[in-house]
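**Student:** This one is work-v9.pdb, PDB, C-alpha atoms, pLDDT in the B column.
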MODEL        1
ATOM      1  CA  GLN O   1      13.346  -3.740 -14.127  1.00 70.00           C
ATOM      2  CA  LYS O   2      10.892  -3.075 -11.332  1.00 78.00           C
ATOM      3  CA  GLU O   3      11.801  -4.427  -7.927  1.00 90.00           C
ATOM      4  CA  VAL O   4       8.403  -6.149  -7.625  1.00 94.00           C
ATOM      5  CA  GLU O   5       6.441  -7.308 -10.658  1.00 94.00           C
ATOM      6  CA  GLN O   6       2.743  -8.088 -10.531  1.00 94.00           C
ATOM      7  CA  ASP O   7       0.372  -8.607 -13.434  1.00 85.00           C
ATOM      8  CA  PRO O   8      -2.363  -5.948 -13.048  1.00 80.00           C
ATOM      9  CA  GLY O   9      -4.961  -8.172 -14.737  1.00 84.00           C
ATOM     10  CA  PRO O  10      -7.871  -7.632 -14.599  1.00 92.00           C
ATOM     11  CA  LEU O  11      -8.934 -11.119 -13.613  1.00 95.00           C
ATOM     12  CA  SER O  12     -12.583 -12.224 -13.822  1.00 97.00           C
ATOM     13  CA  VAL O  13     -13.701 -15.595 -12.452  1.00 97.00           C
ATOM     14  CA  PRO O  14     -17.046 -17.283 -11.686  1.00 97.00           C
ATOM     15  CA  GLU O  15     -18.117 -17.725  -8.085  1.00 98.00           C
ATOM     16  CA  GLY O  16     -16.574 -20.814  -6.530  1.00 97.00           C
ATOM     17  CA  ALA O  17     -13.467 -20.788  -8.723  1.00 97.00           C
ATOM     18  CA  ILE O  18      -9.905 -20.784  -7.393  1.00 97.00           C
ATOM     19  CA  VAL O  19      -8.157 -17.445  -7.838  1.00 97.00           C
ATOM     20  CA  SER O  20      -4.397 -17.560  -8.323  1.00 97.00           C
ATOM     21  CA  LEU O  21      -2.332 -14.396  -7.957  1.00 97.00           C
ATOM     22  CA  ASN O  22       1.423 -14.027  -8.031  1.00 96.00           C
ATOM     23  CA  CYS O  23       4.366 -11.655  -7.854  1.00 97.00           C
ATOM     24  CA  THR O  24       8.018 -11.909  -8.728  1.00 97.00           C
ATOM     25  CA  TYR O  25      10.794  -9.865  -7.204  1.00 97.00           C
ATOM     26  CA  SER O  26      14.440  -9.138  -7.789  1.00 95.00           C
ATOM     27  CA  ASN O  27      15.795  -8.215  -4.340  1.00 93.00           C
ATOM     28  CA  SER O  28      17.137 -11.359  -2.656  1.00 93.00           C
ATOM     29  CA  ALA O  29      17.246  -9.509   0.690  1.00 92.00           C
ATOM     30  CA  PHE O  30      13.452  -9.539   1.001  1.00 93.00           C
ATOM     31  CA  GLN O  31      12.374 -11.697   3.933  1.00 92.00           C
ATOM     32  CA  TYR O  32       8.855 -10.492   4.763  1.00 92.00           C
ATOM     33  CA  PHE O  33       6.031 -11.010   2.301  1.00 94.00           C
ATOM     34  CA  MET O  34       2.501  -9.690   2.487  1.00 93.00           C
ATOM     35  CA  TRP O  35      -0.718  -9.536   0.562  1.00 96.00           C
ATOM     36  CA  TYR O  36      -2.968  -6.524   0.936  1.00 96.00           C
ATOM     37  CA  ARG O  37      -6.591  -6.350  -0.196  1.00 97.00           C
ATOM     38  CA  GLN O  38      -8.055  -3.080  -1.394  1.00 96.00           C
ATOM     39  CA  TYR O  39     -11.756  -2.622  -1.994  1.00 96.00           C
ATOM     40  CA  SER O  40     -12.886   0.076  -4.390  1.00 93.00           C
ATOM     41  CA  ARG O  41     -12.429   3.579  -2.980  1.00 91.00           C
ATOM     42  CA  LYS O  42     -10.885   2.243   0.240  1.00 94.00           C
ATOM     43  CA  GLY O  43      -7.396   2.018   1.656  1.00 94.00           C
ATOM     44  CA  PRO O  44      -5.445  -1.280   1.476  1.00 95.00           C
ATOM     45  CA  GLU O  45      -5.692  -3.648   4.423  1.00 94.00           C
ATOM     46  CA  LEU O  46      -3.352  -6.481   5.373  1.00 92.00           C
ATOM     47  CA  LEU O  47      -4.684  -9.878   4.307  1.00 95.00           C
ATOM     48  CA  MET O  48      -1.796 -12.328   4.692  1.00 92.00           C
ATOM     49  CA  TYR O  49       1.723 -12.155   6.077  1.00 90.00           C
ATOM     50  CA  THR O  50       4.526 -14.694   5.592  1.00 91.00           C
ATOM     51  CA  TYR O  51       8.069 -14.668   6.864  1.00 88.00           C
ATOM     52  CA  SER O  52      10.722 -16.236   4.610  1.00 87.00           C
ATOM     53  CA  SER O  53       9.777 -19.302   2.529  1.00 86.00           C
ATOM     54  CA  GLY O  54       6.835 -21.631   2.979  1.00 87.00           C
ATOM     55  CA  ASN O  55       3.067 -21.709   3.015  1.00 92.00           C
ATOM     56  CA  LYS O  56       0.509 -20.048   5.227  1.00 94.00           C
ATOM     57  CA  GLU O  57      -3.194 -20.804   5.260  1.00 96.00           C
ATOM     58  CA  ASP O  58      -6.024 -18.714   6.674  1.00 95.00           C
ATOM     59  CA  GLY O  59      -9.496 -19.966   5.872  1.00 97.00           C
ATOM     60  CA  ARG O  60      -9.977 -19.813   2.099  1.00 98.00           C
ATOM     61  CA  PHE O  61      -6.680 -17.983   1.587  1.00 98.00           C
ATOM     62  CA  THR O  62      -3.246 -19.570   1.095  1.00 97.00           C
ATOM     63  CA  ALA O  63      -0.019 -17.628   0.687  1.00 97.00           C
ATOM     64  CA  GLN O  64       3.105 -19.291  -0.702  1.00 96.00           C
ATOM     65  CA  VAL O  65       6.659 -17.991  -0.847  1.00 96.00           C
ATOM     66  CA  ASP O  66       9.436 -19.545  -2.926  1.00 95.00           C
ATOM     67  CA  LYS O  67      12.562 -17.528  -2.191  1.00 94.00           C
ATOM     68  CA  SER O  68      14.733 -19.663  -4.476  1.00 93.00           C
ATOM     69  CA  SER O  69      12.617 -18.561  -7.423  1.00 94.00           C
ATOM     70  CA  LYS O  70      11.828 -15.106  -5.996  1.00 95.00           C
ATOM     71  CA  TYR O  71       8.139 -15.853  -6.468  1.00 95.00           C
ATOM     72  CA  ILE O  72       5.149 -15.453  -4.185  1.00 97.00           C
ATOM     73  CA  SER O  73       1.546 -16.535  -4.678  1.00 97.00           C
ATOM     74  CA  LEU O  74      -1.875 -16.053  -3.170  1.00 97.00           C
ATOM     75  CA  PHE O  75      -4.664 -18.557  -3.716  1.00 98.00           C
ATOM     76  CA  ILE O  76      -8.313 -17.908  -2.935  1.00 98.00           C
ATOM     77  CA  ARG O  77     -10.445 -21.053  -2.770  1.00 98.00           C
ATOM     78  CA  ASP O  78     -14.217 -21.087  -3.264  1.00 98.00           C
ATOM     79  CA  SER O  79     -14.110 -17.460  -4.340  1.00 98.00           C
ATOM     80  CA  GLN O  80     -17.063 -15.234  -3.448  1.00 98.00           C
ATOM     81  CA  PRO O  81     -18.328 -11.976  -4.974  1.00 97.00           C
ATOM     82  CA  SER O  82     -17.170 -10.306  -1.750  1.00 97.00           C
ATOM     83  CA  ASP O  83     -13.586 -11.218  -2.751  1.00 98.00           C
ATOM     84  CA  SER O  84     -13.813  -8.770  -5.652  1.00 98.00           C
ATOM     85  CA  ALA O  85     -11.032  -6.291  -4.956  1.00 97.00           C
ATOM     86  CA  THR O  86      -7.515  -5.308  -5.916  1.00 96.00           C
ATOM     87  CA  TYR O  87      -4.828  -7.488  -4.363  1.00 97.00           C
ATOM     88  CA  LEU O  88      -1.376  -5.995  -3.838  1.00 96.00           C
ATOM     89  CA  CYS O  89       1.727  -7.926  -2.925  1.00 96.00           C
ATOM     90  CA  ALA O  90       4.273  -6.199  -0.710  1.00 94.00           C
ATOM     91  CA  MET O  91       7.631  -7.154   0.727  1.00 92.00           C
ATOM     92  CA  SER O  92      10.521  -5.884   2.812  1.00 90.00           C
ATOM     93  CA  GLY O  93      13.888  -6.930   4.169  1.00 89.00           C
ATOM     94  CA  ASN O  94      15.654  -6.738   7.505  1.00 85.00           C
ATOM     95  CA  GLY O  95      16.294  -3.138   8.435  1.00 81.00           C
ATOM     96  CA  ASP O  96      13.945  -1.775   5.778  1.00 84.00           C
ATOM     97  CA  TYR O  97      11.759   1.131   6.819  1.00 82.00           C
ATOM     98  CA  LYS O  98       9.328   0.762   3.964  1.00 87.00           C
ATOM     99  CA  LEU O  99       7.446  -1.787   1.904  1.00 90.00           C
ATOM    100  CA  SER O 100       7.954  -2.440  -1.794  1.00 91.00           C
ATOM    101  CA  PHE O 101       4.600  -2.927  -3.495  1.00 92.00           C
ATOM    102  CA  GLY O 102       3.507  -4.643  -6.672  1.00 94.00           C
ATOM    103  CA  ALA O 103       1.151  -2.850  -9.053  1.00 92.00           C
ATOM    104  CA  GLY O 104      -1.886  -4.779  -7.765  1.00 94.00           C
ATOM    105  CA  THR O 105      -4.198  -7.255  -9.550  1.00 95.00           C
ATOM    106  CA  THR O 106      -7.878  -6.383  -9.872  1.00 95.00           C
ATOM    107  CA  VAL O 107     -10.100  -9.424  -9.324  1.00 97.00           C
ATOM    108  CA  THR O 108     -13.816  -9.683 -10.079  1.00 97.00           C
ATOM    109  CA  VAL O 109     -15.772 -12.720  -8.892  1.00 98.00           C
ATOM    110  CA  ARG O 110     -18.989 -13.100 -10.893  1.00 97.00           C
ATOM    111  CA  ALA O 111     -22.087 -14.382  -9.095  1.00 95.00           C
TER
ATOM    112  CA  ASN I   1     -10.929   3.167  17.331  1.00 65.00           C
ATOM    113  CA  ALA I   2      -9.945   5.784  14.709  1.00 76.00           C
ATOM    114  CA  GLY I   3      -6.697   4.283  13.334  1.00 93.00           C
ATOM    115  CA  VAL I   4      -5.369   6.490  10.500  1.00 96.00           C
ATOM    116  CA  THR I   5      -7.490   9.508   9.640  1.00 96.00           C
ATOM    117  CA  GLN I   6      -7.018  11.515   6.460  1.00 97.00           C
ATOM    118  CA  THR I   7      -8.634  14.819   5.578  1.00 96.00           C
ATOM    119  CA  PRO I   8     -10.038  15.952   3.253  1.00 97.00           C
ATOM    120  CA  LYS I   9     -11.552  12.963   1.403  1.00 96.00           C
ATOM    121  CA  PHE I  10     -11.924  14.876  -1.863  1.00 96.00           C
ATOM    122  CA  ARG I  11     -10.440  18.084  -3.227  1.00 96.00           C
ATOM    123  CA  ILE I  12     -10.273  19.917  -6.526  1.00 97.00           C
ATOM    124  CA  LEU I  13      -7.358  22.309  -6.945  1.00 97.00           C
ATOM    125  CA  LYS I  14      -6.540  24.757  -9.679  1.00 97.00           C
ATOM    126  CA  ILE I  15      -3.096  24.655 -11.274  1.00 97.00           C
ATOM    127  CA  GLY I  16      -0.631  26.605  -9.152  1.00 96.00           C
ATOM    128  CA  GLN I  17      -2.638  26.428  -5.929  1.00 97.00           C
ATOM    129  CA  SER I  18      -1.233  24.873  -2.775  1.00 96.00           C
ATOM    130  CA  MET I  19      -2.787  22.673  -0.131  1.00 96.00           C
ATOM    131  CA  THR I  20      -1.996  20.438   2.806  1.00 97.00           C
ATOM    132  CA  LEU I  21      -3.288  16.887   3.140  1.00 98.00           C
ATOM    133  CA  GLN I  22      -3.722  16.000   6.783  1.00 98.00           C
ATOM    134  CA  CYS I  23      -2.929  12.615   8.325  1.00 98.00           C
ATOM    135  CA  ALA I  24      -3.275  11.612  11.954  1.00 97.00           C
ATOM    136  CA  GLN I  25      -2.877   8.254  13.693  1.00 97.00           C
ATOM    137  CA  ASP I  26      -3.773   7.296  17.243  1.00 96.00           C
ATOM    138  CA  MET I  27      -1.809   4.021  17.507  1.00 94.00           C
ATOM    139  CA  ASN I  28       1.469   5.569  18.689  1.00 93.00           C
ATOM    140  CA  HIS I  29       3.257   4.259  15.587  1.00 93.00           C
ATOM    141  CA  ASN I  30       6.710   5.598  14.827  1.00 92.00           C
ATOM    142  CA  TYR I  31       6.630   4.882  11.103  1.00 94.00           C
ATOM    143  CA  MET I  32       4.397   6.937   8.842  1.00 96.00           C
ATOM    144  CA  TYR I  33       4.143   7.053   5.059  1.00 96.00           C
ATOM    145  CA  TRP I  34       2.574   8.971   2.208  1.00 98.00           C
ATOM    146  CA  TYR I  35       1.745   7.123  -1.011  1.00 97.00           C
ATOM    147  CA  ARG I  36       0.066   8.098  -4.217  1.00 97.00           C
ATOM    148  CA  GLN I  37      -1.899   5.600  -6.263  1.00 95.00           C
ATOM    149  CA  ASP I  38      -2.547   6.030  -9.962  1.00 92.00           C
ATOM    150  CA  PRO I  39      -4.668   3.540 -11.969  1.00 81.00           C
ATOM    151  CA  GLY I  40      -2.734   0.344 -12.705  1.00 75.00           C
ATOM    152  CA  MET I  41       0.426   1.732 -11.125  1.00 80.00           C
ATOM    153  CA  GLY I  42       0.239   0.450  -7.578  1.00 85.00           C
ATOM    154  CA  LEU I  43       1.421   2.519  -4.640  1.00 93.00           C
ATOM    155  CA  LYS I  44       4.287   4.945  -5.087  1.00 93.00           C
ATOM    156  CA  LEU I  45       6.036   6.162  -1.939  1.00 94.00           C
ATOM    157  CA  ILE I  46       6.285   9.945  -1.725  1.00 97.00           C
ATOM    158  CA  TYR I  47       7.806  10.523   1.732  1.00 97.00           C
ATOM    159  CA  TYR I  48       8.167   8.592   4.934  1.00 96.00           C
ATOM    160  CA  SER I  49       9.077   9.226   8.548  1.00 96.00           C
ATOM    161  CA  VAL I  50      10.610   6.938  11.156  1.00 92.00           C
ATOM    162  CA  GLY I  51       9.776   9.200  14.076  1.00 93.00           C
ATOM    163  CA  ALA I  52       9.005  12.750  15.113  1.00 94.00           C
ATOM    164  CA  GLY I  53      11.461  15.184  13.543  1.00 95.00           C
ATOM    165  CA  ILE I  54      12.772  12.639  10.999  1.00 95.00           C
ATOM    166  CA  THR I  55      11.595  12.480   7.397  1.00 97.00           C
ATOM    167  CA  ASP I  56      13.023  11.097   4.173  1.00 96.00           C
ATOM    168  CA  LYS I  57      12.210  11.021   0.482  1.00 96.00           C
ATOM    169  CA  GLY I  58      10.583   8.087  -1.225  1.00 94.00           C
ATOM    170  CA  GLU I  59      10.370   7.279  -4.939  1.00 92.00           C
ATOM    171  CA  VAL I  60       8.388  10.329  -6.113  1.00 95.00           C
ATOM    172  CA  PRO I  61       9.034  13.306  -3.770  1.00 97.00           C
ATOM    173  CA  ASN I  62       9.173  16.118  -6.326  1.00 96.00           C
ATOM    174  CA  GLY I  63       6.449  18.723  -5.810  1.00 96.00           C
ATOM    175  CA  TYR I  64       5.722  17.630  -2.225  1.00 97.00           C
ATOM    176  CA  ASN I  65       6.947  18.431   1.261  1.00 97.00           C
ATOM    177  CA  VAL I  66       6.315  16.892   4.673  1.00 98.00           C
ATOM    178  CA  SER I  67       6.929  17.586   8.315  1.00 96.00           C
ATOM    179  CA  ARG I  68       6.653  15.437  11.430  1.00 97.00           C
ATOM    180  CA  SER I  69       6.516  17.556  14.550  1.00 97.00           C
ATOM    181  CA  THR I  70       4.570  14.992  16.600  1.00 96.00           C
ATOM    182  CA  THR I  71       4.234  11.201  16.590  1.00 96.00           C
ATOM    183  CA  GLU I  72       0.555  11.480  15.671  1.00 97.00           C
ATOM    184  CA  ASP I  73       0.586  13.868  12.682  1.00 98.00           C
ATOM    185  CA  PHE I  74       2.240  13.677   9.279  1.00 98.00           C
ATOM    186  CA  PRO I  75       0.914  16.359   6.901  1.00 98.00           C
ATOM    187  CA  LEU I  76       1.758  16.385   3.188  1.00 98.00           C
ATOM    188  CA  ARG I  77       2.133  19.761   1.501  1.00 97.00           C
ATOM    189  CA  LEU I  78       1.598  20.307  -2.225  1.00 96.00           C
ATOM    190  CA  GLU I  79       3.122  23.504  -3.540  1.00 89.00           C
ATOM    191  CA  LEU I  80       2.187  24.869  -6.980  1.00 93.00           C
ATOM    192  CA  ALA I  81      -0.194  22.044  -7.884  1.00 95.00           C
ATOM    193  CA  ALA I  82       0.173  20.503 -11.355  1.00 96.00           C
ATOM    194  CA  PRO I  83      -2.176  18.175 -13.315  1.00 96.00           C
ATOM    195  CA  SER I  84       0.394  15.387 -12.848  1.00 95.00           C
ATOM    196  CA  GLN I  85      -0.432  15.451  -9.135  1.00 97.00           C
ATOM    197  CA  THR I  86      -3.996  14.308  -9.813  1.00 97.00           C
ATOM    198  CA  SER I  87      -4.112  11.044  -7.882  1.00 97.00           C
ATOM    199  CA  VAL I  88      -5.399   9.253  -4.813  1.00 97.00           C
ATOM    200  CA  TYR I  89      -3.180   9.864  -1.790  1.00 98.00           C
ATOM    201  CA  PHE I  90      -2.906   7.393   1.062  1.00 98.00           C
ATOM    202  CA  CYS I  91      -1.313   7.893   4.423  1.00 98.00           C
ATOM    203  CA  ALA I  92      -0.174   4.828   6.376  1.00 96.00           C
ATOM    204  CA  SER I  93       1.421   4.079   9.720  1.00 95.00           C
ATOM    205  CA  SER I  94       3.209   1.083  11.174  1.00 92.00           C
ATOM    206  CA  TYR I  95       4.745  -0.155  14.405  1.00 87.00           C
ATOM    207  CA  SER I  96       6.964  -2.669  12.609  1.00 78.00           C
ATOM    208  CA  ILE I  97       7.191  -2.652   8.837  1.00 72.00           C
ATOM    209  CA  GLN I  98       8.834  -6.085   8.882  1.00 69.00           C
ATOM    210  CA  LYS I  99       5.615  -7.570  10.189  1.00 69.00           C
ATOM    211  CA  GLY I 100       3.657  -5.951   7.373  1.00 67.00           C
ATOM    212  CA  GLU I 101       1.353  -4.240   9.810  1.00 80.00           C
ATOM    213  CA  ALA I 102       0.905  -1.041   7.832  1.00 89.00           C
ATOM    214  CA  PHE I 103      -2.459   0.583   8.502  1.00 93.00           C
ATOM    215  CA  PHE I 104      -3.835   2.804   5.776  1.00 95.00           C
ATOM    216  CA  GLY I 105      -6.199   5.731   5.837  1.00 96.00           C
ATOM    217  CA  GLN I 106      -9.203   5.943   3.524  1.00 95.00           C
ATOM    218  CA  GLY I 107      -7.421   8.143   1.031  1.00 96.00           C
ATOM    219  CA  THR I 108      -7.735  11.654  -0.399  1.00 97.00           C
ATOM    220  CA  ARG I 109      -8.880  11.982  -4.005  1.00 96.00           C
ATOM    221  CA  LEU I 110      -7.194  15.019  -5.495  1.00 97.00           C
ATOM    222  CA  THR I 111      -7.919  16.499  -8.904  1.00 97.00           C
ATOM    223  CA  VAL I 112      -5.819  19.351 -10.298  1.00 97.00           C
ATOM    224  CA  VAL I 113      -7.483  21.267 -13.128  1.00 96.00           C
TER
ENDMDL
END
Would you write out, as structure tokens, the structure that this file holds?

**Tutor:**
Amino acid sequence: QKEVEQDPGPLSVPEGAIVSLNCTYSNSAFQYFMWYRQYSRKGPELLMYTYSSGNKEDGRFTAQVDKSSKYISLFIRDSQPSDSATYLCAMSGNGDYKLSFGAGTTVTVRA
Amino acid sequence: NAGVTQTPKFRILKIGQSMTLQCAQDMNHNYMYWYRQDPGMGLKLIYYSVGAGITDKGEVPNGYNVSRSTTEDFPLRLELAAPSQTSVYFCASSYSIQKGEAFFGQGTRLTVV
């Protein structure tokens, strides 16, 4: 079993739709949860960061963490063609020197 | 405002050749990482470093070597290139991995033929 599971998709949605992405994990020591966005032929960049459980909102993006279920989500409201990218979840625990990444989900928003 | 700089951007190697992928960061980060990314497979950690003179293996270190003589530079060496090393390689650096602030370079696309 992989430490972090993420459905690679691909996911194709019409402009304006809500995009829902999620990851599950097995390591209960994870405390720090992130979503990275990676445009084609570019390096990943940090999109959202959440510590422990709860929700975090930033504009059209909402990140949710449910530690009891070992499940994290990213929602994109009013999706735009510019949101077309690969989204990778990542997480770490106290004392970790490295991030554990999901496989990434490729999202295409159709105009 | 350079951030993490990787060179070269593209390279084609013949089987058995060697090369060094360069990575430099100007943010004074202690933590540096090398990942490879294959289609649909996410990022696999090759090697990482927590400071100058300290390196450690990640998930897929075989066929690679690293050194960290300065805070700024973290080169990745491929010895005896094999087709299985065809991939996109990303270097990253971080001040605090717990805060998720890993900054990535633009990547090196390597093809071994």

**Student:** Run through the ChimeraX specification (/I :<10) & /O on the given coordinates and return the selected residues as an NGL selection string.

**Tutor:** :O and (6-10 or 30-36 or 41-51 or 86-106)

**Student:** Selected by the PyMOL selection byres ((chain I and resi 13) around 7) in the shown coordinates: which residues, as a PyMOL selection string?

**Tutor:** chain I and resi 11-12+14-15+17+111-113

**Student:** Which residues are close to range 59-74 of chain I, i.e. within 9 Å by only C-alpha atoms, leaving aside same-chain residues fewer than 2 positions away? Reply as a count of residues only.

**Tutor:** 38

**Student:** In the coordinates of the file, take the point (-17.0, -11.2, -14.4) and a cut-off of 9 Å; then, counting all atoms listed in the file, name each qualifying protein, DNA or RNA residue as a CSV table (one decimal) with C-alpha atoms, keeping the file's coordinate frame.

**Tutor:**
chain,number,residue,atom,x,y,z
O,11,LEU,CA,-8.9,-11.1,-13.6
O,12,SER,CA,-12.6,-12.2,-13.8
O,13,VAL,CA,-13.7,-15.6,-12.5
O,14,PRO,CA,-17.0,-17.3,-11.7
O,107,VAL,CA,-10.1,-9.4,-9.3
O,108,THR,CA,-13.8,-9.7,-10.1
O,109,VAL,CA,-15.8,-12.7,-8.9
O,110,ARG,CA,-19.0,-13.1,-10.9
O,111,ALA,CA,-22.1,-14.4,-9.1

**Student:** Kindly give the distance, in Å, that separates CA of Asp58 in chain O and CA of Ala2 in chain I, rounded to a single decimal.

**Tutor:**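 CA of Ala2 in chain I lies 26.1 Å from CA of Asp58 in chain O.
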
**Student:** Quick check, in Å to one decimal: how far apart do CA of Pro75 in chain I and CA of Ser93 in chain I lie?

**Tutor:**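 Spanning CA of Pro75 in chain I to CA of Ser93 in chain I is a straight-line distance of 12.6 Å.
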
**Student:** Give me the residues near Gln80 in chain O as a PyMOL selection string, where near means some atom within 7 Å (using all atoms listed in the file) and where sequence neighbours in that chain fewer than 3 positions away do not count.

**Tutor:** chain O and resi 15-16+83+109

**Student:** What is the distance between CA of Glu3 in chain O and CA of Arg77 in chain O, in Å to one decimal?

**Tutor:**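 If I compute the distance from CA of Glu3 in chain O to CA of Arg77 in chain O, I get 28.2 Å.
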
**Student:** Taking the file as shown, what set of residues would the PyMOL selection byres ((chain O and resi 21-25) around 8) give back, as number ranges by chain?

**Tutor:** O: 2-7, 19-20, 26-28, 70-75, 89, 102, 105
